[in-house]
Amino acid sequence: MLGLPDPVKACLFDLDGVLTQTAKVHAAAWKQMFDEYLHQRSERTGEPFRAFDTKEDYDAYVDGKPRYDGVRSFLQSRGIELPQGTPEDPPGAETVDGLGNRKNELVLKLIHDHGVQAYEGSVRYVHAVRGTGLPRAVVSSSANCRDVLHAAGIEDLFDAVVDGVVAEREGLKGKPAPDTFLAGARALKIDPKEGAVFEDALAGVQAGRAGGFGFVIGVDRVGQREALLAHGADIVVKDLAELL
């Protein structure tokens with residue numbers, strides 16, 4: 001009924017791009033933040049300005065990763081090294097944490113102004129999973145995960161949430177490391193090989209595979225089916241409703 005192998009006893013879902021239509025919101029916030037910074041840097045140093053690409057750069061360097069890891073990864077791709085700073089740095093400070101805080105400021109404003117929509121097919125699927133009695137967790141790099149779940153009206157569909165706040169508190173490495181998914185498995189009291197991971201990000205698919213999960217479902221919202229398979233997805237769907 002769920003399109004999953006028999007040994008699967010629990011489902012672990014990424015948030016942005018799998019459950020909610022917030023991946024494009026994040027991409028827009030990343031682009032605004034990086035383009036502002038790169039413009040300022042170009043004017044100061046004379047380096048040519050090259051804009052952040054919401055397809056290539058987003059998929060390769062920031063999608064699915066904790067915010068500060070995404071900042072660092074993209075800057076490294078451009079040969080830019082900045083001090084780490086601290087999470088208390090003001091938004092836009094020329095540190096990894098400062099730029100990350102600016103991105104967070106932008107994404108919260110976009111969510112506040114435009115709201116959050118869940119994917120209808122995903123909501124149907126999670127309801128079907130709940131109907132079978134399988135436990136469900138959300139595993140997200142976002143520190144705003146609970147706010148987004150609440151805004152989308154789906155927070156009551158899950159038994160556990162492992163988000164950026166939990167990762168910071170427990171010292172968990174972000175995706176593509178498997179730490180957060182493994183924490184989700186512990187929260188649901190299952191062995192990883194009994195869990196199915198649902199991910200749209202390449203880093204997230206890698207995390208599910210690295211964690212030894214029994215089944216990894218890639219969700220292709222942006223035309224990266226082959227890349228999801230190459231990074232470890234067992235199957236790829238365009239919408240979770242295809243599995244029903």
# chains A, B, ... in the order shown; residues from 1 in each chain; ligands from 1
>>> residues_around(residues="range 95-99 of chain A", least_positions_apart="4", cutoff="10 Å", atoms="only C-alpha atoms", output="MDAnalysis selection string")
chainID A and resid 30 33:34 37 67:73 75 81:91 103:105
>>> select_by_dssp(residues="range 11-169 of chain A", states="helix (DSSP H, G or I)", output="MDAnalysis selection string")
chainID A and resid 23:45 56:62 67:77 96:114 120:132 145:152 155:157 164:169
>>> closest_residue(among="A:Gly100, A:Gln224, A:Ile154, A:Asp234", to="Val126 in chain A", atoms="only C-alpha atoms")
A:Ile154
>>> select_by_dssp(residues="range 40-226 of chain A", states="strand (DSSP E or B)", output="short mmCIF file (atom, residue, chain, number, x, y, z; two decimals) with all heavy atoms, in the first residue's frame")
data_model
loop_
_atom_site.label_atom_id
_atom_site.label_comp_id
_atom_site.auth_asym_id
_atom_site.auth_seq_id
_atom_site.Cartn_x
_atom_site.Cartn_y
_atom_site.Cartn_z
N ALA A 118 2.16 22.89 2.30
CA ALA A 118 2.62 21.51 2.23
C ALA A 118 2.25 20.94 0.87
O ALA A 118 1.28 21.36 0.24
CB ALA A 118 1.96 20.69 3.34
N ARG A 136 6.53 7.90 12.55
CA ARG A 136 7.00 8.89 11.57
C ARG A 136 7.81 9.97 12.27
O ARG A 136 7.44 10.45 13.33
CB ARG A 136 5.80 9.55 10.88
CG ARG A 136 4.89 8.55 10.20
CD ARG A 136 3.44 9.00 10.13
NE ARG A 136 2.88 9.52 11.37
CZ ARG A 136 2.48 8.74 12.38
NH1 ARG A 136 2.57 7.43 12.30
NH2 ARG A 136 1.97 9.29 13.48
N ALA A 137 8.91 10.36 11.63
CA ALA A 137 9.74 11.45 12.14
C ALA A 137 10.05 12.43 11.02
O ALA A 137 10.10 12.06 9.84
CB ALA A 137 11.05 10.90 12.72
N VAL A 138 10.26 13.69 11.39
CA VAL A 138 10.80 14.69 10.48
C VAL A 138 12.25 14.90 10.87
O VAL A 138 12.57 15.09 12.05
CB VAL A 138 10.04 16.02 10.59
CG1 VAL A 138 10.68 17.08 9.70
CG2 VAL A 138 8.58 15.84 10.20
N VAL A 139 13.14 14.83 9.87
CA VAL A 139 14.57 15.05 10.11
C VAL A 139 15.02 16.17 9.17
O VAL A 139 15.09 15.98 7.97
CB VAL A 139 15.38 13.76 9.85
CG1 VAL A 139 16.87 14.02 10.08
CG2 VAL A 139 14.88 12.63 10.75
N ALA A 160 8.12 12.36 16.10
CA ALA A 160 9.39 12.90 16.55
C ALA A 160 9.89 13.93 15.53
O ALA A 160 9.58 13.83 14.34
CB ALA A 160 10.43 11.79 16.72
N VAL A 161 10.64 14.90 16.02
CA VAL A 161 11.27 15.91 15.16
C VAL A 161 12.73 16.03 15.55
O VAL A 161 13.05 16.26 16.72
CB VAL A 161 10.58 17.29 15.29
CG1 VAL A 161 11.35 18.34 14.50
CG2 VAL A 161 9.14 17.22 14.82
N VAL A 162 13.62 15.84 14.58
CA VAL A 162 15.05 16.09 14.77
C VAL A 162 15.41 17.22 13.81
O VAL A 162 15.40 17.04 12.60
CB VAL A 162 15.90 14.83 14.48
CG1 VAL A 162 17.38 15.16 14.64
CG2 VAL A 162 15.51 13.69 15.40
N GLY A 195 14.25 1.46 8.67
CA GLY A 195 13.69 2.77 8.37
C GLY A 195 13.76 3.12 6.90
O GLY A 195 14.69 2.73 6.18
N ALA A 196 12.76 3.88 6.44
CA ALA A 196 12.76 4.44 5.09
C ALA A 196 12.98 5.94 5.20
O ALA A 196 12.33 6.62 6.00
CB ALA A 196 11.43 4.16 4.39
N VAL A 197 13.93 6.45 4.40
CA VAL A 197 14.27 7.87 4.39
C VAL A 197 13.71 8.49 3.11
O VAL A 197 13.87 7.94 2.02
CB VAL A 197 15.80 8.05 4.45
CG1 VAL A 197 16.21 9.47 4.05
CG2 VAL A 197 16.32 7.73 5.84
N PHE A 198 13.08 9.66 3.27
CA PHE A 198 12.50 10.39 2.14
C PHE A 198 13.23 11.72 2.02
O PHE A 198 13.16 12.56 2.92
CB PHE A 198 11.01 10.64 2.37
CG PHE A 198 10.19 9.38 2.48
CD1 PHE A 198 10.20 8.63 3.66
CD2 PHE A 198 9.40 8.94 1.42
CE1 PHE A 198 9.44 7.47 3.77
CE2 PHE A 198 8.64 7.79 1.53
CZ PHE A 198 8.67 7.04 2.71
N GLU A 199 13.93 11.94 0.91
CA GLU A 199 14.81 13.11 0.76
C GLU A 199 14.76 13.67 -0.66
O GLU A 199 14.72 12.91 -1.62
CB GLU A 199 16.26 12.73 1.08
CG GLU A 199 16.69 13.04 2.50
CD GLU A 199 16.92 14.52 2.76
OE1 GLU A 199 16.77 15.33 1.82
OE2 GLU A 199 17.26 14.86 3.89
N PHE A 215 15.80 1.69 3.15
CA PHE A 215 15.23 2.12 1.88
C PHE A 215 15.34 3.64 1.83
O PHE A 215 14.93 4.34 2.76
CB PHE A 215 13.77 1.68 1.78
CG PHE A 215 13.24 1.59 0.37
CD1 PHE A 215 13.89 0.81 -0.58
CD2 PHE A 215 12.08 2.24 0.00
CE1 PHE A 215 13.39 0.70 -1.88
CE2 PHE A 215 11.56 2.14 -1.29
CZ PHE A 215 12.23 1.36 -2.22
N VAL A 216 15.90 4.17 0.74
CA VAL A 216 16.07 5.61 0.58
C VAL A 216 15.30 6.05 -0.67
O VAL A 216 15.60 5.60 -1.78
CB VAL A 216 17.56 6.00 0.46
CG1 VAL A 216 17.69 7.51 0.26
CG2 VAL A 216 18.34 5.55 1.69
N ILE A 217 14.31 6.90 -0.45
CA ILE A 217 13.47 7.39 -1.54
C ILE A 217 13.90 8.80 -1.90
O ILE A 217 13.86 9.70 -1.06
CB ILE A 217 11.97 7.38 -1.14
CG1 ILE A 217 11.51 5.97 -0.79
CG2 ILE A 217 11.12 7.97 -2.26
CD1 ILE A 217 11.59 5.63 0.67
N GLY A 218 14.32 9.00 -3.13
CA GLY A 218 14.64 10.34 -3.61
C GLY A 218 13.39 11.00 -4.15
O GLY A 218 12.60 10.36 -4.86
N VAL A 219 13.19 12.25 -3.81
CA VAL A 219 12.03 13.02 -4.29
C VAL A 219 12.55 14.09 -5.23
O VAL A 219 13.25 15.01 -4.82
CB VAL A 219 11.26 13.65 -3.11
CG1 VAL A 219 10.01 14.36 -3.63
CG2 VAL A 219 10.87 12.59 -2.08
#
>>> residues_around(residues="range 187-192 of chain A", least_positions_apart="6", cutoff="7 Å", atoms="only C-alpha atoms", output="list in words")
Pro135, Ala160, Gly211, Gly212, Phe213 and Gly214 of chain A
>>> closest_residue(among="A:Pro7, A:Gly184, A:Gly64, A:Gly208", to="His231 in chain A", atoms="only C-alpha atoms")
A:Gly208
>>> residues_around(residues="Cys145 in chain A", least_positions_apart="6", cutoff="12 Å", atoms="only C-alpha atoms", output="NGL selection string")
:A and (13-16 or 19-20 or 22 or 66 or 108 or 111 or 116 or 137-139 or 151-152 or 154-155 or 160-167)
>>> write_last_selection(atoms="N, CA and C atoms", output="compact mmCIF listing (two decimals), in the first residue's frame")
# COMPACT_ATOMS: atom_id res chain seq x y z
N PHE A 13 11.19 11.59 7.28
CA PHE A 13 10.98 12.54 6.19
C PHE A 13 11.82 13.81 6.38
N ASP A 14 12.50 14.22 5.31
CA ASP A 14 13.05 15.57 5.27
C ASP A 14 11.87 16.54 5.18
N LEU A 15 12.12 17.80 5.50
CA LEU A 15 11.05 18.80 5.50
C LEU A 15 10.97 19.58 4.19
N ASP A 16 11.94 20.46 3.97
CA ASP A 16 11.90 21.38 2.83
C ASP A 16 12.05 20.62 1.52
N LEU A 19 8.15 17.55 2.33
CA LEU A 19 6.83 17.77 2.94
C LEU A 19 6.26 19.13 2.59
N THR A 20 7.10 20.14 2.59
CA THR A 20 6.62 21.50 2.38
C THR A 20 7.30 22.17 1.19
N THR A 22 8.93 24.72 0.69
CA THR A 22 9.81 25.78 1.20
C THR A 22 11.20 25.73 0.60
N PRO A 66 23.11 22.04 7.06
CA PRO A 66 22.94 23.09 8.06
C PRO A 66 23.40 24.43 7.49
N LEU A 108 12.93 33.77 7.08
CA LEU A 108 11.83 33.96 8.02
C LEU A 108 10.87 35.04 7.53
N ILE A 111 8.76 33.51 4.72
CA ILE A 111 7.75 32.61 5.27
C ILE A 111 6.63 33.41 5.93
N VAL A 116 3.32 29.10 4.36
CA VAL A 116 3.95 27.83 4.01
C VAL A 116 2.88 26.88 3.48
N ALA A 137 8.91 10.36 11.63
CA ALA A 137 9.74 11.45 12.14
C ALA A 137 10.05 12.43 11.02
N VAL A 138 10.26 13.69 11.39
CA VAL A 138 10.80 14.69 10.48
C VAL A 138 12.25 14.90 10.87
N VAL A 139 13.14 14.83 9.87
CA VAL A 139 14.57 15.05 10.11
C VAL A 139 15.02 16.17 9.17
N ALA A 151 3.17 26.20 10.71
CA ALA A 151 2.60 27.08 9.70
C ALA A 151 1.89 26.31 8.60
N ALA A 152 2.41 25.11 8.30
CA ALA A 152 1.80 24.27 7.26
C ALA A 152 0.64 23.43 7.80
N ILE A 154 0.79 20.72 9.81
CA ILE A 154 1.02 19.27 9.76
C ILE A 154 1.85 18.75 10.94
N GLU A 155 2.04 19.58 11.96
CA GLU A 155 2.92 19.16 13.06
C GLU A 155 2.40 17.95 13.81
N ALA A 160 8.12 12.36 16.10
CA ALA A 160 9.39 12.90 16.55
C ALA A 160 9.89 13.93 15.53
N VAL A 161 10.64 14.90 16.02
CA VAL A 161 11.27 15.91 15.16
C VAL A 161 12.73 16.03 15.55
N VAL A 162 13.62 15.84 14.58
CA VAL A 162 15.05 16.09 14.77
C VAL A 162 15.41 17.22 13.81
N ASP A 163 15.69 18.39 14.38
CA ASP A 163 15.93 19.56 13.54
C ASP A 163 17.26 20.22 13.91
N GLY A 164 17.48 21.40 13.37
CA GLY A 164 18.73 22.10 13.63
C GLY A 164 18.94 22.42 15.10
N VAL A 165 17.86 22.65 15.82
CA VAL A 165 17.95 22.94 17.26
C VAL A 165 18.45 21.70 18.00
N VAL A 166 17.87 20.54 17.67
CA VAL A 166 18.30 19.29 18.30
C VAL A 166 19.75 18.98 17.93
N ALA A 167 20.09 19.17 16.66
CA ALA A 167 21.46 18.89 16.21
C ALA A 167 22.48 19.74 16.96
>>> residues_around(residues="Lys175 in chain A", least_positions_apart="4", cutoff="8 Å", atoms="only C-alpha atoms", output="VMD selection string")
chain A and resid 64 to 66 141 179 to 180 203 to 204 206 to 207
>>> residues_around(residues="Arg225 in chain A", least_positions_apart="5", cutoff="10 Å", atoms="only C-alpha atoms", output="PyMOL selection string")
chain A and resi 200+218-220+230+233+235-238
>>> write_last_selection(atoms="all heavy atoms", output="short mmCIF file (atom, residue, chain, number, x, y, z; two decimals), in the first residue's frame")
data_model
loop_
_atom_site.label_atom_id
_atom_site.label_comp_id
_atom_site.auth_asym_id
_atom_site.auth_seq_id
_atom_site.Cartn_x
_atom_site.Cartn_y
_atom_site.Cartn_z
N ASP A 200 14.82 15.00 -0.76
CA ASP A 200 14.95 15.63 -2.08
C ASP A 200 16.34 16.18 -2.32
O ASP A 200 16.68 16.51 -3.45
CB ASP A 200 13.93 16.76 -2.23
CG ASP A 200 14.29 17.97 -1.39
OD1 ASP A 200 14.61 17.80 -0.21
OD2 ASP A 200 14.23 19.09 -1.92
N GLY A 218 14.32 9.00 -3.13
CA GLY A 218 14.64 10.34 -3.61
C GLY A 218 13.39 11.00 -4.15
O GLY A 218 12.60 10.36 -4.86
N VAL A 219 13.19 12.25 -3.81
CA VAL A 219 12.03 13.02 -4.29
C VAL A 219 12.55 14.09 -5.23
O VAL A 219 13.25 15.01 -4.82
CB VAL A 219 11.26 13.65 -3.11
CG1 VAL A 219 10.01 14.36 -3.63
CG2 VAL A 219 10.87 12.59 -2.08
N ASP A 220 12.23 13.95 -6.50
CA ASP A 220 12.79 14.82 -7.53
C ASP A 220 11.81 15.95 -7.87
O ASP A 220 10.88 15.76 -8.65
CB ASP A 220 13.10 13.99 -8.79
CG ASP A 220 13.67 14.84 -9.91
OD1 ASP A 220 14.15 15.95 -9.60
OD2 ASP A 220 13.63 14.40 -11.08
N ALA A 230 22.49 8.48 -8.19
CA ALA A 230 23.95 8.38 -8.06
C ALA A 230 24.42 8.61 -6.63
O ALA A 230 25.45 8.07 -6.21
CB ALA A 230 24.63 9.37 -9.00
N ALA A 233 19.99 7.00 -3.72
CA ALA A 233 18.57 6.69 -3.64
C ALA A 233 18.28 5.32 -4.26
O ALA A 233 18.84 4.97 -5.29
CB ALA A 233 17.75 7.77 -4.36
N ILE A 235 15.05 4.41 -5.09
CA ILE A 235 14.10 4.78 -6.14
C ILE A 235 13.94 6.29 -6.11
O ILE A 235 14.30 6.94 -5.12
CB ILE A 235 12.72 4.10 -5.97
CG1 ILE A 235 12.06 4.55 -4.65
CG2 ILE A 235 12.84 2.59 -6.03
CD1 ILE A 235 10.60 4.17 -4.53
N VAL A 236 13.40 6.85 -7.18
CA VAL A 236 13.13 8.29 -7.25
C VAL A 236 11.70 8.49 -7.73
O VAL A 236 11.27 7.87 -8.70
CB VAL A 236 14.13 9.01 -8.19
CG1 VAL A 236 13.74 10.48 -8.35
CG2 VAL A 236 15.55 8.90 -7.66
N VAL A 237 10.97 9.36 -7.03
CA VAL A 237 9.61 9.73 -7.43
C VAL A 237 9.53 11.24 -7.54
O VAL A 237 10.33 11.96 -6.94
CB VAL A 237 8.56 9.22 -6.42
CG1 VAL A 237 8.56 7.70 -6.36
CG2 VAL A 237 8.79 9.82 -5.03
N LYS A 238 8.57 11.70 -8.30
CA LYS A 238 8.35 13.16 -8.39
C LYS A 238 7.43 13.65 -7.28
O LYS A 238 7.47 14.82 -6.90
CB LYS A 238 7.77 13.52 -9.75
CG LYS A 238 8.77 13.38 -10.90
CD LYS A 238 8.18 13.91 -12.19
CE LYS A 238 9.20 13.87 -13.31
NZ LYS A 238 10.35 14.77 -13.08
#
>>> atom_distance(atom1="CA of Ala143 in chain A", atom2="CA of Gly232 in chain A")
25.5 Å
